[in-house]
file final_13.cif (mmCIF, C-alpha atoms and all ligand atoms)
data_structure
#
loop_
_atom_site.label_atom_id
_atom_site.label_comp_id
_atom_site.auth_asym_id
_atom_site.auth_seq_id
_atom_site.Cartn_x
_atom_site.Cartn_y
_atom_site.Cartn_z
CA MET A 147 -7.66 7.52 9.93
CA ARG A 148 -10.46 5.05 9.32
CA ILE A 149 -9.81 1.78 7.46
CA ASP A 150 -12.48 -0.72 6.41
CA VAL A 151 -11.60 -4.04 4.80
CA ILE A 152 -14.22 -6.25 3.14
CA THR A 153 -13.18 -9.89 2.63
CA ILE A 154 -14.45 -13.45 2.78
CA PHE A 155 -11.52 -14.29 5.09
CA PRO A 156 -11.63 -11.75 7.96
CA GLU A 157 -9.12 -13.83 9.98
CA TYR A 158 -6.54 -13.23 7.23
CA LEU A 159 -6.32 -9.57 8.31
CA GLN A 160 -5.48 -10.35 11.95
CA PRO A 161 -1.77 -9.48 11.47
CA LEU A 162 -2.84 -5.83 11.07
CA ARG A 163 -3.59 -5.86 14.79
CA ALA A 164 -0.07 -7.00 15.71
CA ALA A 165 3.10 -5.05 16.50
CA LEU A 166 3.39 -1.43 15.37
CA LEU A 167 -0.01 -1.21 13.67
CA GLY A 168 -1.70 -2.90 16.62
CA LYS A 169 -0.26 -0.18 18.85
CA ALA A 170 -1.46 2.53 16.45
CA ILE A 171 -4.97 1.03 16.64
CA GLU A 172 -4.84 0.81 20.44
CA ARG A 173 -3.72 4.44 20.62
CA GLY A 174 -6.61 5.54 18.38
CA LEU A 175 -4.41 6.74 15.49
CA ILE A 176 -6.08 4.20 13.21
CA SER A 177 -9.56 2.69 13.46
CA LEU A 178 -9.76 -0.66 11.67
CA ASP A 179 -12.94 -2.58 10.82
CA VAL A 180 -12.78 -5.88 8.98
CA HIS A 181 -16.09 -7.04 7.49
CA ASP A 182 -17.15 -10.48 6.30
CA LEU A 183 -18.53 -10.10 2.77
CA ARG A 184 -20.85 -13.05 3.39
CA ASP A 185 -22.80 -10.93 5.89
CA TRP A 186 -24.42 -9.34 2.82
CA THR A 187 -25.53 -12.61 1.17
CA HIS A 188 -29.18 -13.67 1.36
CA ASP A 189 -29.12 -17.33 0.23
CA VAL A 190 -28.58 -20.43 2.36
CA HIS A 191 -25.22 -21.15 0.74
CA ARG A 192 -24.03 -17.57 1.35
CA ALA A 193 -22.68 -17.61 -2.20
CA VAL A 194 -20.37 -14.78 -3.25
CA ASP A 195 -19.34 -16.02 -6.71
CA ASP A 196 -20.80 -17.23 -9.98
CA ALA A 197 -19.67 -18.46 -13.42
CA PRO A 198 -18.22 -15.82 -15.77
CA TYR A 199 -20.29 -14.52 -18.69
CA GLY A 200 -18.57 -15.46 -21.94
CA GLY A 201 -17.27 -18.69 -20.43
CA GLY A 202 -13.76 -19.51 -19.29
CA PRO A 203 -12.21 -20.91 -16.14
CA GLY A 204 -12.78 -19.72 -12.58
CA MET A 205 -15.55 -17.82 -10.89
CA VAL A 206 -16.39 -14.12 -10.62
CA MET A 207 -17.55 -12.38 -7.45
CA LYS A 208 -21.20 -11.36 -7.63
CA PRO A 209 -22.11 -7.67 -7.98
CA GLN A 210 -25.19 -7.70 -5.72
CA VAL A 211 -23.29 -8.85 -2.62
CA TRP A 212 -20.44 -6.37 -3.18
CA GLY A 213 -22.90 -3.57 -3.97
CA GLU A 214 -24.72 -4.03 -0.66
CA ALA A 215 -21.45 -4.33 1.26
CA LEU A 216 -20.09 -1.08 -0.18
CA ASP A 217 -23.40 0.74 0.36
CA ALA A 218 -23.23 -0.27 4.02
CA VAL A 219 -19.57 0.67 4.56
CA ALA A 220 -19.73 3.89 2.48
CA PRO A 221 -23.38 4.98 2.77
CA ARG A 222 -24.80 6.83 -0.23
CA THR A 223 -25.42 10.52 0.34
CA GLU A 224 -28.08 12.90 -1.05
CA SER A 225 -25.56 14.33 -3.46
CA ASP A 226 -24.61 10.86 -4.76
CA GLU A 227 -28.21 10.46 -5.88
CA HIS A 228 -28.34 13.88 -7.55
CA GLY A 229 -24.80 13.97 -8.89
CA THR A 230 -23.96 17.19 -7.04
CA GLU A 231 -20.78 17.91 -5.11
CA HIS A 232 -21.48 17.48 -1.45
CA GLY A 233 -20.38 19.64 1.51
CA THR A 234 -17.00 19.61 3.12
CA GLY A 235 -17.00 15.96 4.21
CA ARG A 236 -14.42 14.00 2.21
CA ARG A 237 -15.46 10.84 0.45
CA PRO A 238 -13.75 7.58 1.27
CA ARG A 239 -11.32 6.17 -1.30
CA LEU A 240 -11.96 2.61 -2.44
CA VAL A 241 -8.86 0.48 -3.05
CA VAL A 242 -9.23 -2.77 -4.97
CA PRO A 243 -6.06 -4.89 -5.08
CA THR A 244 -5.72 -6.79 -8.36
CA PRO A 245 -2.78 -8.00 -10.46
CA ALA A 246 -4.39 -5.97 -13.29
CA GLY A 247 -4.11 -2.71 -11.30
CA ARG A 248 -1.69 0.22 -11.46
CA PRO A 249 1.57 -0.45 -9.58
CA PHE A 250 1.41 0.44 -5.88
CA THR A 251 4.45 2.60 -5.04
CA GLN A 252 5.84 4.64 -2.16
CA ARG A 253 4.13 7.65 -3.74
CA CYS A 254 0.75 5.87 -3.47
CA ALA A 255 1.58 5.05 0.16
CA GLN A 256 2.15 8.77 0.79
CA GLU A 257 -1.16 9.63 -0.88
CA TYR A 258 -3.06 7.03 1.14
CA ALA A 259 -1.47 8.30 4.37
CA ALA A 260 -3.15 11.66 3.66
CA GLU A 261 -6.67 10.15 3.31
CA GLU A 262 -9.27 10.21 6.09
CA HIS A 263 -11.04 6.99 5.15
CA LEU A 264 -9.91 4.06 3.00
CA ILE A 265 -12.02 1.04 2.07
CA PHE A 266 -10.30 -2.11 0.79
CA ALA A 267 -12.26 -4.62 -1.28
CA CYS A 268 -10.54 -8.02 -1.37
CA GLY A 269 -11.34 -10.05 -4.46
CA ARG A 270 -10.87 -13.80 -4.76
CA TYR A 271 -11.31 -16.19 -7.67
CA GLU A 272 -11.11 -14.43 -11.07
CA GLY A 273 -11.94 -11.07 -9.51
CA ILE A 274 -14.98 -8.92 -8.83
CA ASP A 275 -17.70 -8.15 -11.42
CA GLN A 276 -16.37 -4.94 -13.06
CA ARG A 277 -19.70 -3.14 -12.53
CA VAL A 278 -19.02 -3.05 -8.79
CA ILE A 279 -15.95 -0.92 -9.45
CA ASP A 280 -17.70 1.17 -12.11
CA ASP A 281 -20.69 1.82 -9.83
CA ALA A 282 -18.49 2.76 -6.85
CA ALA A 283 -16.48 5.12 -9.09
CA ARG A 284 -19.68 7.13 -9.65
CA ARG A 285 -19.56 8.29 -6.04
CA MET A 286 -15.98 7.93 -4.74
CA PRO A 287 -12.42 7.74 -6.00
CA VAL A 288 -11.47 4.15 -6.81
CA ASP A 289 -7.96 2.73 -7.27
CA GLU A 290 -7.31 -0.71 -8.71
CA VAL A 291 -3.74 -1.41 -7.58
CA SER A 292 -1.19 -4.20 -7.97
CA ILE A 293 1.62 -4.86 -5.49
CA GLY A 294 3.79 -6.57 -8.10
CA ASP A 295 3.97 -8.56 -11.30
CA TYR A 296 2.86 -11.88 -9.85
CA VAL A 297 -0.54 -13.35 -9.05
CA LEU A 298 -1.72 -13.96 -5.49
CA VAL A 299 -4.71 -16.10 -4.53
CA GLY A 300 -6.65 -13.04 -3.38
CA GLY A 301 -6.37 -9.41 -2.38
CA GLU A 302 -5.93 -10.01 1.38
CA ALA A 303 -2.13 -10.35 1.39
CA ALA A 304 -1.92 -7.26 -0.82
CA VAL A 305 -4.01 -5.30 1.71
CA LEU A 306 -1.58 -6.30 4.47
CA VAL A 307 1.27 -4.94 2.37
CA ILE A 308 -0.49 -1.71 1.36
CA VAL A 309 -1.77 -0.87 4.85
CA GLU A 310 1.64 -1.50 6.38
CA ALA A 311 3.27 0.74 3.77
CA PHE A 312 1.08 3.79 4.41
CA ALA A 313 0.33 3.32 8.11
CA ARG A 314 4.00 3.70 9.06
CA LEU A 315 3.91 7.14 7.41
CA LEU A 316 1.06 8.38 9.65
CA PRO A 317 2.15 10.91 12.26
CA GLY A 318 2.91 9.18 15.57
CA VAL A 319 3.02 5.60 14.25
CA LEU A 320 6.82 5.28 13.96
CA GLY A 321 8.87 5.93 17.10
CA ASN A 322 11.36 8.01 15.13
CA PRO A 323 9.65 9.84 12.24
CA SER A 324 12.97 10.66 10.53
CA SER A 325 13.47 6.96 9.75
CA ALA A 326 10.59 7.15 7.22
CA ALA A 327 12.10 10.32 5.73
CA GLN A 328 15.38 8.45 4.98
CA ASP A 329 13.74 5.34 3.45
CA SER A 330 14.47 3.81 0.11
CA PHE A 331 12.40 5.66 -2.55
CA SER A 332 12.12 8.74 -0.27
CA THR A 333 12.56 12.24 -1.65
CA ALA A 334 15.46 12.73 0.77
CA LEU A 335 17.23 9.92 -1.13
CA ASP A 336 16.10 11.21 -4.56
CA GLY A 337 14.10 8.00 -4.99
CA LEU A 338 17.22 5.81 -4.71
CA LEU A 339 17.54 2.55 -2.76
CA GLU A 340 19.01 2.86 0.70
CA GLY A 341 22.59 1.60 1.07
CA PRO A 342 23.84 -0.98 3.62
CA SER A 343 23.71 -0.47 7.42
CA TYR A 344 26.02 -1.74 10.18
CA THR A 345 26.02 -1.94 13.97
CA ARG A 346 28.42 -3.27 16.63
CA PRO A 347 30.78 -5.15 16.76
CA GLU A 348 33.36 -3.49 14.48
CA VAL A 349 34.52 -6.89 13.22
CA TRP A 350 32.23 -9.89 13.01
CA ARG A 351 33.27 -13.26 11.50
CA ASP A 352 36.30 -11.53 9.91
CA LEU A 353 34.04 -8.92 8.31
CA ALA A 354 34.82 -5.31 9.24
CA VAL A 355 32.52 -2.31 9.25
CA PRO A 356 33.67 0.18 6.55
CA ASP A 357 36.29 2.52 8.09
CA VAL A 358 34.50 5.69 7.02
CA LEU A 359 31.57 4.89 9.34
CA LEU A 360 33.96 4.92 12.30
CA SER A 361 35.68 8.16 11.22
CA GLY A 362 33.29 10.55 12.96
CA ASN A 363 33.43 12.76 9.85
CA HIS A 364 29.75 13.39 9.04
CA ALA A 365 30.38 14.93 5.62
CA LEU A 366 32.43 11.88 4.60
CA VAL A 367 29.81 9.52 5.99
CA ASP A 368 27.05 11.33 4.06
CA ARG A 369 29.10 11.16 0.85
CA TRP A 370 29.81 7.46 1.38
CA ARG A 371 26.10 6.71 1.98
CA ARG A 372 25.18 8.59 -1.17
CA ASP A 373 27.75 6.60 -3.20
CA GLN A 374 26.46 3.33 -1.77
CA ALA A 375 22.85 4.26 -2.60
CA LEU A 376 23.82 5.13 -6.17
CA VAL A 377 25.90 1.98 -6.75
CA ARG A 378 23.27 -0.29 -5.23
CA THR A 379 20.46 1.30 -7.23
CA PHE A 380 22.53 1.15 -10.42
CA HIS A 381 23.12 -2.61 -9.97
CA ARG A 382 19.74 -3.67 -8.62
CA ARG A 383 17.30 -1.18 -10.12
CA PRO A 384 18.75 0.52 -13.21
CA ASP A 385 15.20 1.60 -14.06
CA LEU A 386 15.24 3.91 -11.01
CA VAL A 387 18.53 5.50 -12.08
CA ASP A 388 17.05 6.20 -15.53
CA ARG A 389 14.16 8.04 -13.88
CA LEU A 390 16.38 10.30 -11.77
CA PRO A 391 15.87 13.98 -12.60
CA GLU A 392 19.03 15.59 -14.04
CA GLU A 393 19.31 18.02 -11.09
CA ALA A 394 19.28 15.14 -8.56
CA LEU A 395 22.87 14.22 -9.55
CA ASP A 396 25.86 16.37 -8.62
CA GLU A 397 29.27 16.15 -10.33
CA ARG A 398 30.56 13.45 -7.96
CA ASP A 399 27.43 11.35 -8.54
CA ARG A 400 27.93 11.55 -12.29
CA ALA A 401 31.60 10.60 -12.01
CA LEU A 402 30.66 7.41 -10.17
N1 LIG B 1 -4.46 -10.01 -6.15
C1 LIG B 1 -3.88 -11.06 -6.77
N2 LIG B 1 -2.65 -10.74 -7.18
C2 LIG B 1 -2.42 -9.44 -6.80
C3 LIG B 1 -1.33 -8.55 -6.95
N3 LIG B 1 -0.21 -8.88 -7.56
N4 LIG B 1 -1.47 -7.31 -6.44
C4 LIG B 1 -2.61 -6.94 -5.83
N5 LIG B 1 -3.67 -7.75 -5.67
C5 LIG B 1 -3.57 -8.99 -6.15
#

call {"tool": "encode", "arguments": {"input": "final_13.cif", "output": "structure tokens", "more": "lines below"}}
Ligand code: ADE
result
Amino acid sequence: MRIDVITIFPEYLQPLRAALLGKAIERGLISLDVHDLRDWTHDVHRAVDDAPYGGGPGMVMKPQVWGEALDAVAPRTESDEHGTEHGTGRRPRLVVPTPAGRPFTQRCAQEYAAEEHLIFACGRYEGIDQRVIDDAARRMPVDEVSIGDYVLVGGEAAVLVIVEAFARLLPGVLGNPSSAAQDSFSTALDGLLEGPSYTRPEVWRDLAVPDVLLSGNHALVDRWRRDQALVRTFHRRPDLVDRLPEEALDERDRAL
């Protein structure tokens, strides 16, 4: 998979080259290019922002600089100019992190893991001139996504979160692929939160591992894990329980 990130702080994306993702890059599973938006400025100040039309606080990122950057990273094709569908080559998907975007979820992570090429556009200040997004949407799919109901200083930290979420789903990135299959929000768990985990020793600071986990009875262990997932989700995320499809709950679940 190819990933391009456009930002005014390329050094902010360095953590993507560490640990598990760094290994995936080294092994050629992911190719990552981080671009400095200012490379596409033409003035001595290398300005990327300007005052907002209509007044108000803050600055808006300029469309010309972003337009040139996106044209360079996702070159226009013949068919873009003529509005026709082009051959078999898939278009890149542009992802623009913004607190005003659609919520980024595990489902989005799964969708992104199936893409061939993703481009991330990191906004700062009050955001990017909307015409940049509208223009890009004329030639590629564009997602404006939010990683949560809070406001960050810019999109860079959101890109770290989003890339980490989908990259671990790519074949070969995780040592043990079944760990992703059993995650919180996974289909295997019916979208529930994962319950608690324990390792040795059996007793630590007077706290004992639940007996059932030492029983060796796999059916009982599975039932216990299911109960824990349900109880935890009910307490912490009742909204997820409400969204459970009727058929996801068996009689025991309902009795809980
Ligand atoms: N940029 C600033 N805040 C953000 C958020 N919550 N999600 C994604 N991008 C952002």

call {"tool": "residues_near_ligand", "arguments": {"input": "final_13.cif", "ligand": "ligand LIG 1 (chain B)", "cutoff": "10 Å", "atoms": "all atoms listed in the file", "output": "PyMOL selection string"}}
result
chain A and resi 242-250+268-273+290-305+307-308

call {"tool": "write_last_selection", "arguments": {"input": "final_13.cif", "atoms": "C-alpha atoms", "output": "compact mmCIF listing (two decimals), in the frame of the given file"}}
result
# COMPACT_ATOMS: atom_id res chain seq x y z
CA VAL A 242 -9.23 -2.77 -4.97
CA PRO A 243 -6.06 -4.89 -5.08
CA THR A 244 -5.72 -6.79 -8.36
CA PRO A 245 -2.78 -8.00 -10.46
CA ALA A 246 -4.39 -5.97 -13.29
CA GLY A 247 -4.11 -2.71 -11.30
CA ARG A 248 -1.69 0.22 -11.46
CA PRO A 249 1.57 -0.45 -9.58
CA PHE A 250 1.41 0.44 -5.88
CA CYS A 268 -10.54 -8.02 -1.37
CA GLY A 269 -11.34 -10.05 -4.46
CA ARG A 270 -10.87 -13.80 -4.76
CA TYR A 271 -11.31 -16.19 -7.67
CA GLU A 272 -11.11 -14.43 -11.07
CA GLY A 273 -11.94 -11.07 -9.51
CA GLU A 290 -7.31 -0.71 -8.71
CA VAL A 291 -3.74 -1.41 -7.58
CA SER A 292 -1.19 -4.20 -7.97
CA ILE A 293 1.62 -4.86 -5.49
CA GLY A 294 3.79 -6.57 -8.10
CA ASP A 295 3.97 -8.56 -11.30
CA TYR A 296 2.86 -11.88 -9.85
CA VAL A 297 -0.54 -13.35 -9.05
CA LEU A 298 -1.72 -13.96 -5.49
CA VAL A 299 -4.71 -16.10 -4.53
CA GLY A 300 -6.65 -13.04 -3.38
CA GLY A 301 -6.37 -9.41 -2.38
CA GLU A 302 -5.93 -10.01 1.38
CA ALA A 303 -2.13 -10.35 1.39
CA ALA A 304 -1.92 -7.26 -0.82
CA VAL A 305 -4.01 -5.30 1.71
CA VAL A 307 1.27 -4.94 2.37
CA ILE A 308 -0.49 -1.71 1.36

call {"tool": "residues_around", "arguments": {"input": "final_13.cif", "residues": "A:Ser325", "least_positions_apart": "3", "cutoff": "12 Å", "atoms": "all atoms listed in the file", "output": "mmCIF file with C-alpha atoms, in the frame of the given file"}}
result
data_model
loop_
_atom_site.group_PDB
_atom_site.id
_atom_site.type_symbol
_atom_site.label_atom_id
_atom_site.label_comp_id
_atom_site.auth_asym_id
_atom_site.auth_seq_id
_atom_site.Cartn_x
_atom_site.Cartn_y
_atom_site.Cartn_z
ATOM 1 C CA ARG A 314 4.000 3.700 9.060
ATOM 2 C CA LEU A 315 3.910 7.140 7.410
ATOM 3 C CA VAL A 319 3.020 5.600 14.250
ATOM 4 C CA LEU A 320 6.820 5.280 13.960
ATOM 5 C CA GLY A 321 8.870 5.930 17.100
ATOM 6 C CA ASN A 322 11.360 8.010 15.130
ATOM 7 C CA GLN A 328 15.380 8.450 4.980
ATOM 8 C CA ASP A 329 13.740 5.340 3.450
ATOM 9 C CA SER A 330 14.470 3.810 0.110
ATOM 10 C CA SER A 332 12.120 8.740 -0.270
ATOM 11 C CA ALA A 334 15.460 12.730 0.770
ATOM 12 C CA LEU A 335 17.230 9.920 -1.130
ATOM 13 C CA GLU A 340 19.010 2.860 0.700
#

call {"tool": "closest_residue", "arguments": {"input": "final_13.cif", "among": "A:Lys208, A:Arg184, A:Arg371, A:Arg163", "to": "A:Leu359", "atoms": "only C-alpha atoms"}}
result
A:Arg371

call {"tool": "closest_residue", "arguments": {"input": "final_13.cif", "among": "A:Gln374, A:Gln276, A:Asn363, A:Thr379", "to": "A:Leu339", "atoms": "all atoms listed in the file"}}
result
A:Thr379

call {"tool": "closest_residue", "arguments": {"input": "final_13.cif", "among": "A:Leu338, A:Leu402, A:Ala267, A:Ala197", "to": "A:Leu216", "atoms": "only C-alpha atoms"}}
result
A:Ala267

call {"tool": "atom_distance", "arguments": {"input": "final_13.cif", "atom1": "atom CA of A:Leu390", "atom2": "atom CA of A:Ala255"}}
result
19.7 Å

call {"tool": "atom_distance", "arguments": {"input": "final_13.cif", "atom1": "atom CA of A:Ala375", "atom2": "atom CA of A:Ser343"}}
result
11.1 Å

call {"tool": "atom_distance", "arguments": {"input": "final_13.cif", "atom1": "atom CA of A:Asp150", "atom2": "atom CA of A:Ala259"}}
result
14.4 Å

call {"tool": "closest_residue", "arguments": {"input": "final_13.cif", "among": "A:Val367, A:Val309, A:Ile265, A:Tyr258", "to": "A:Pro161", "atoms": "all atoms listed in the file"}}
result
A:Val309

call {"tool": "closest_residue", "arguments": {"input": "final_13.cif", "among": "A:Val219, A:Asp280, A:Gly337, A:Tyr344", "to": "A:Pro391", "atoms": "all atoms listed in the file"}}
result
A:Gly337

call {"tool": "closest_residue", "arguments": {"input": "final_13.cif", "among": "A:Val349, A:Val194, A:Met205, A:Met286", "to": "A:Thr223", "atoms": "only C-alpha atoms"}}
result
A:Met286

call {"tool": "residues_near_point", "arguments": {"input": "final_13.cif", "point": "(30.4, 14.4, -6.0)", "cutoff": "12 Å", "atoms": "only C-alpha atoms", "output": "ChimeraX atom specification"}}
result
/A:365-366,368-373,376,394-402

call {"tool": "residues_around", "arguments": {"input": "final_13.cif", "residues": "A:Ala282", "least_positions_apart": "5", "cutoff": "12 Å", "atoms": "all atoms listed in the file", "output": "PyMOL selection string"}}
result
chain A and resi 209+212-217+219-222+226+237-242+265+267+275-277+287-290

call {"tool": "decode", "arguments": {"input": "final_13.cif", "residues": "stretch 204-271 of chain A", "atoms": "C-alpha atoms", "output": "PDB file, in the first residue's frame"}}
result
ATOM      1  CA  GLY A 204      -7.794  32.468  12.659  1.00  0.00           C
ATOM      2  CA  MET A 205      -6.355  31.816   9.242  1.00  0.00           C
ATOM      3  CA  VAL A 206      -7.372  29.529   6.377  1.00  0.00           C
ATOM      4  CA  MET A 207      -4.961  27.438   4.313  1.00  0.00           C
ATOM      5  CA  LYS A 208      -4.611  28.750   0.766  1.00  0.00           C
ATOM      6  CA  PRO A 209      -6.148  26.801  -2.126  1.00  0.00           C
ATOM      7  CA  GLN A 210      -3.363  27.409  -4.674  1.00  0.00           C
ATOM      8  CA  VAL A 211      -0.657  25.746  -2.567  1.00  0.00           C
ATOM      9  CA  TRP A 212      -2.843  22.743  -1.704  1.00  0.00           C
ATOM     10  CA  GLY A 213      -4.034  22.450  -5.317  1.00  0.00           C
ATOM     11  CA  GLU A 214      -0.472  22.200  -6.624  1.00  0.00           C
ATOM     12  CA  ALA A 215       0.517  19.767  -3.876  1.00  0.00           C
ATOM     13  CA  LEU A 216      -2.385  17.425  -4.638  1.00  0.00           C
ATOM     14  CA  ASP A 217      -1.789  17.658  -8.402  1.00  0.00           C
ATOM     15  CA  ALA A 218       1.801  16.560  -7.785  1.00  0.00           C
ATOM     16  CA  VAL A 219       0.982  13.692  -5.411  1.00  0.00           C
ATOM     17  CA  ALA A 220      -2.093  12.480  -7.365  1.00  0.00           C
ATOM     18  CA  PRO A 221      -1.349  13.533 -10.959  1.00  0.00           C
ATOM     19  CA  ARG A 222      -4.369  14.389 -13.102  1.00  0.00           C
ATOM     20  CA  THR A 223      -5.174  11.850 -15.795  1.00  0.00           C
ATOM     21  CA  GLU A 224      -6.670  12.239 -19.296  1.00  0.00           C
ATOM     22  CA  SER A 225      -9.998  11.014 -18.022  1.00  0.00           C
ATOM     23  CA  ASP A 226     -10.014  13.570 -15.164  1.00  0.00           C
ATOM     24  CA  GLU A 227      -9.930  16.293 -17.800  1.00  0.00           C
ATOM     25  CA  HIS A 228     -12.736  14.732 -19.863  1.00  0.00           C
ATOM     26  CA  GLY A 229     -14.839  13.408 -17.014  1.00  0.00           C
ATOM     27  CA  THR A 230     -14.692   9.827 -18.293  1.00  0.00           C
ATOM     28  CA  GLU A 231     -14.076   6.719 -16.215  1.00  0.00           C
ATOM     29  CA  HIS A 232     -10.501   5.681 -16.647  1.00  0.00           C
ATOM     30  CA  GLY A 233      -9.019   2.186 -17.125  1.00  0.00           C
ATOM     31  CA  THR A 234      -8.441  -0.346 -14.442  1.00  0.00           C
ATOM     32  CA  GLY A 235      -6.033   1.721 -12.323  1.00  0.00           C
ATOM     33  CA  ARG A 236      -7.669   2.661  -9.018  1.00  0.00           C
ATOM     34  CA  ARG A 237      -7.713   6.267  -7.938  1.00  0.00           C
ATOM     35  CA  PRO A 238      -6.131   7.258  -4.665  1.00  0.00           C
ATOM     36  CA  ARG A 239      -8.452   8.165  -1.790  1.00  0.00           C
ATOM     37  CA  LEU A 240      -7.884  11.551  -0.171  1.00  0.00           C
ATOM     38  CA  VAL A 241      -8.364  11.679   3.605  1.00  0.00           C
ATOM     39  CA  VAL A 242      -8.683  15.070   5.280  1.00  0.00           C
ATOM     40  CA  PRO A 243      -8.742  14.927   9.095  1.00  0.00           C
ATOM     41  CA  THR A 244     -10.965  17.614  10.603  1.00  0.00           C
ATOM     42  CA  PRO A 245     -13.089  17.886  13.753  1.00  0.00           C
ATOM     43  CA  ALA A 246     -15.978  18.636  11.358  1.00  0.00           C
ATOM     44  CA  GLY A 247     -15.585  15.259   9.601  1.00  0.00           C
ATOM     45  CA  ARG A 248     -17.497  11.979   9.835  1.00  0.00           C
ATOM     46  CA  PRO A 249     -16.395   9.839  12.797  1.00  0.00           C
ATOM     47  CA  PHE A 250     -13.443   7.561  12.022  1.00  0.00           C
ATOM     48  CA  THR A 251     -14.324   4.024  13.175  1.00  0.00           C
ATOM     49  CA  GLN A 252     -12.939   0.498  13.001  1.00  0.00           C
ATOM     50  CA  ARG A 253     -15.086   0.029   9.903  1.00  0.00           C
ATOM     51  CA  CYS A 254     -13.302   2.954   8.210  1.00  0.00           C
ATOM     52  CA  ALA A 255      -9.978   1.392   9.243  1.00  0.00           C
ATOM     53  CA  GLN A 256     -11.032  -1.827   7.487  1.00  0.00           C
ATOM     54  CA  GLU A 257     -12.021   0.116   4.359  1.00  0.00           C
ATOM     55  CA  TYR A 258      -8.722   2.006   4.296  1.00  0.00           C
ATOM     56  CA  ALA A 259      -6.772  -1.244   4.727  1.00  0.00           C
ATOM     57  CA  ALA A 260      -8.310  -2.379   1.407  1.00  0.00           C
ATOM     58  CA  GLU A 261      -7.130   0.721  -0.531  1.00  0.00           C
ATOM     59  CA  GLU A 262      -4.044   0.759  -2.758  1.00  0.00           C
ATOM     60  CA  HIS A 263      -3.149   4.417  -2.262  1.00  0.00           C
ATOM     61  CA  LEU A 264      -4.177   6.885   0.449  1.00  0.00           C
ATOM     62  CA  ILE A 265      -3.271  10.575   0.553  1.00  0.00           C
ATOM     63  CA  PHE A 266      -3.589  12.475   3.837  1.00  0.00           C
ATOM     64  CA  ALA A 267      -3.924  16.259   3.807  1.00  0.00           C
ATOM     65  CA  CYS A 268      -3.095  17.783   7.204  1.00  0.00           C
ATOM     66  CA  GLY A 269      -4.821  21.082   7.855  1.00  0.00           C
ATOM     67  CA  ARG A 270      -3.717  23.614  10.451  1.00  0.00           C
ATOM     68  CA  TYR A 271      -5.230  26.901  11.597  1.00  0.00           C
TER      69      TYR A 271
END
